[in-house]
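Note sheet for the following structure.
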Amino acid sequence: MKSINNLRICMMLSMLVSIVGVRPADATLIGGQNWADEVASLSGNLQNYNGTAVGAAAADLVLGAPDSDVDGNGNAWDLVDKDNVAGWKGSGNASVTLYFETALMNLDGDDLAVTVYGGSKCQASIYGSIDGIDFSHIGNIVGTKGQIPGRPGVFHEPGATGLDMFSTLEFGSLNNLHYIRFDRAASGQGSGMFFDAVGSVPEPGTFLLLMIGGLGLLRSREQA
Ligand SMILES: [Ca+2]
Ligand SMILES: [Ca+2]
Ligand SMILES: [Ca+2]
């Protein structure tokens with residue numbers, strides 16, 4: 001009898017484990033990437049591109065997976081695109097600190113993926129922190145001269161690397177970062193800069209899944 005009870009307990013435990021295992025993954029993990037969960041703090045003039053959201057309401061638009069470049073052409077903001085970004089233009093200081101429930105790990109190579117659109121003179125200084133108190137400089141994202149197409153509001157990703165959709169940063173000796181801070185570091189014409197999403201660099205296998213998912217989405221759009 002005892003062994004049957006033990007078996008039952010084992011079964012219940014394994015069911016529990018599988019329920020836990022199949023729950024819609026941690027909210028932070030979407031598409032295999034660990035995206036920012038909360039805005040820890042912000043200061044200065046933060047807004048989305050058209051200024052329909054400002055301050056905290058704008059900062060919230062950086063949380064979660066990228067959702068602004070709806071037509072997926074790498075530019076914002078085409079007619080179908082959404083203004084789900086936060087950043088700055090014009091002049092003044094701006095800073096936003098994002099919190100990650102699951103710490104960002106120091107991987108081989110780049111560690112942080114930033115979906116960002118900016119002018120040719122945009123510049124942000126990026127800092128990381130384990131505890132939200134002590135911040136270390138991770139790097140900068142800087143606009144590229146001649147990378148602004150002719151029509152206003154249609155920006156390329158500044159300093160995009162081989163990962164194409166993202167600017168990426170390497171943590172150096174840092175690891176397990178829960179906080180990432182973006183500080184505005186340039187002002188005036190061409191310094192506009194808007195962040196769509198901030199997350200971990202996708203694992204190589206995830207790229208394939210994202211590509212397959214993207215193809216499926218294109219197909220369903222074509223059929224619609
Ligand atoms: Ca677009
Ligand atoms: Ca690294
Ligand atoms: Ca967004």
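Residue numbering restarts at 1 for every chain of the structure tokens, chains are lettered A, B, ... in their displayed order, and ligands are numbered from 1 as they appear.
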**OP:** Name the residues, by chain letter and number, that sit within 7 Å of ligand 1 using only C-alpha atoms and all ligand atoms, and give them as an MDAnalysis selection string.
**Re:** chainID A and resid 69:78 81
Got time to write the residues from that selection, C-alpha atoms, as an mmCIF file, in the first residue's frame?
```cif
data_model
loop_
_atom_site.group_PDB
_atom_site.id
_atom_site.type_symbol
_atom_site.label_atom_id
_atom_site.label_comp_id
_atom_site.auth_asym_id
_atom_site.auth_seq_id
_atom_site.Cartn_x
_atom_site.Cartn_y
_atom_site.Cartn_z
ATOM 1 C CA ASP A 69 8.200 47.437 -37.037
ATOM 2 C CA VAL A 70 5.021 45.643 -38.076
ATOM 3 C CA ASP A 71 6.022 45.261 -41.743
ATOM 4 C CA GLY A 72 9.444 43.999 -40.690
ATOM 5 C CA ASN A 73 11.490 46.144 -43.074
ATOM 6 C CA GLY A 74 13.880 47.398 -40.402
ATOM 7 C CA ASN A 75 12.563 50.953 -40.549
ATOM 8 C CA ALA A 76 10.160 52.873 -38.361
ATOM 9 C CA TRP A 77 7.565 54.186 -38.930
ATOM 10 C CA ASP A 78 5.889 52.981 -42.072
ATOM 11 C CA ASP A 81 4.102 50.297 -38.089
#
```
Produce a table with one row for each residue of chain A that has an atom at most 9 Å from any atom of ligand 2, each row naming the nearest atom pair and its distance in Å at one decimal; use only C-alpha atoms and all ligand atoms; arrange rows by chain and rising residue number; format as a tab-separated table.
```
residue	atom	partner	partner_atom_place_in_ligand_line	distance
A:Met105	CA	ligand 2	1 (Ca)	7.8
A:Asn106	CA	ligand 2	1 (Ca)	4.4
A:Leu107	CA	ligand 2	1 (Ca)	4.2
A:Asp108	CA	ligand 2	1 (Ca)	4.7
A:Gly109	CA	ligand 2	1 (Ca)	4.3
A:Asp110	CA	ligand 2	1 (Ca)	4.7
A:Asp111	CA	ligand 2	1 (Ca)	5.0
A:Leu112	CA	ligand 2	1 (Ca)	8.5
A:Leu169	CA	ligand 2	1 (Ca)	8.1
A:Glu170	CA	ligand 2	1 (Ca)	4.8
A:Phe171	CA	ligand 2	1 (Ca)	5.2
A:Gly172	CA	ligand 2	1 (Ca)	6.0
A:Ser173	CA	ligand 2	1 (Ca)	7.8
A:Leu174	CA	ligand 2	1 (Ca)	8.2
A:Asn175	CA	ligand 2	1 (Ca)	8.3
```
Dump as a tab-separated table (two decimals), in the first residue's frame, selection limited to C-alpha atoms:
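Heads up, here's the output in again.tsv:
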```tsv
chain	number	residue	atom	x	y	z
A	105	MET	CA	23.74	36.36	-18.63
A	106	ASN	CA	27.17	37.03	-20.02
A	107	LEU	CA	27.26	34.76	-23.08
A	108	ASP	CA	30.10	34.10	-25.50
A	109	GLY	CA	30.16	37.27	-27.57
A	110	ASP	CA	27.46	39.92	-27.39
A	111	ASP	CA	24.94	39.79	-24.58
A	112	LEU	CA	22.37	42.54	-25.04
A	169	LEU	CA	26.43	45.02	-26.68
A	170	GLU	CA	28.91	42.87	-24.81
A	171	PHE	CA	28.94	42.87	-21.01
A	172	GLY	CA	32.71	42.61	-20.65
A	173	SER	CA	33.39	41.03	-17.25
A	174	LEU	CA	29.85	41.67	-15.97
A	175	ASN	CA	27.25	38.94	-15.55
```
List all protein, DNA and RNA residues that have at least one atom no more than 6 Å from any atom of ligand 3, counting only C-alpha atoms and all ligand atoms, and write them as an mmCIF file with C-alpha atoms, in the first residue's frame.
```cif
data_model
loop_
_atom_site.group_PDB
_atom_site.id
_atom_site.type_symbol
_atom_site.label_atom_id
_atom_site.label_comp_id
_atom_site.auth_asym_id
_atom_site.auth_seq_id
_atom_site.Cartn_x
_atom_site.Cartn_y
_atom_site.Cartn_z
ATOM 1 C CA LEU A 61 6.509 50.806 -24.650
ATOM 2 C CA VAL A 62 10.073 49.461 -24.400
ATOM 3 C CA PRO A 66 9.778 44.264 -30.307
ATOM 4 C CA ASP A 67 6.394 45.412 -31.615
ATOM 5 C CA SER A 68 6.895 48.587 -33.637
ATOM 6 C CA ASN A 84 5.468 51.481 -29.577
ATOM 7 C CA VAL A 85 8.810 52.993 -28.708
ATOM 8 C CA ASP A 196 11.441 49.437 -29.221
ATOM 9 C CA ALA A 197 12.725 46.577 -27.077
#
```
May I have all residues of region 22-180 of chain A that DSSP, computed from the backbone, assigns to alpha helix (DSSP H), given as a PDB file with C-alpha atoms, in the first residue's frame?
```pdb
ATOM      1  CA  VAL A  22       4.298  23.711 -19.887  1.00  0.00           C
ATOM      2  CA  GLY A  55       7.144  59.802 -19.379  1.00  0.00           C
ATOM      3  CA  ALA A  56       6.181  56.508 -17.724  1.00  0.00           C
ATOM      4  CA  ALA A  57       3.546  55.734 -20.379  1.00  0.00           C
ATOM      5  CA  ALA A  58       6.224  56.017 -23.046  1.00  0.00           C
ATOM      6  CA  ALA A  59       8.815  54.007 -21.103  1.00  0.00           C
TER       7      ALA A  59
END
```
Subject >> Two-atom distance - CA of Thr144 (chain A), CA of Leu98 (chain A) (Å) >> reply: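 CA of Leu98 (chain A) lies at a distance of 25.0 Å from CA of Thr144 (chain A).
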Original post:
Using only C-alpha atoms, which residue out of A:Gln33, A:Gln47, A:Ser41, A:Asn140 lies closest to Gly92 (chain A)?
Top reply: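 Of A:Gln33, A:Gln47, A:Ser41, A:Asn140, the one nearest Gly92 (chain A) is A:Gln47, counting only C-alpha atoms.
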**OP:** Write out as a list in words each polymer residue whose atoms come within 7 Å of Ser129 (chain A), counting only C-alpha atoms; drop sequence neighbours fewer than 6 positions from it.
**Re:** Phe135, Ser136, Leu177, His178, Tyr179 and Ile180 of chain A
Original post:
Which one is closest to Asp60 (chain A): A:Val39, A:Val80, A:Ile126, A:Ile141? Count only C-alpha atoms.
Top reply: A:Val39
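Excluding Met193 (chain A) itself and same-chain residues fewer than 2 positions from it, the residues having an atom within 6 Å of it are Gly87, Trp88, Tyr117, Gly118 and Cys122 of chain A, counting only C-alpha atoms.
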**OP:** Return the single residue from A:Arg181, A:Val96, A:Gly139, A:Gly188 that is closest to Lys121 (chain A), with distances computed using only C-alpha atoms.
**Re:**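 Using only C-alpha atoms, the shortest distance to Lys121 (chain A) belongs to A:Gly188.
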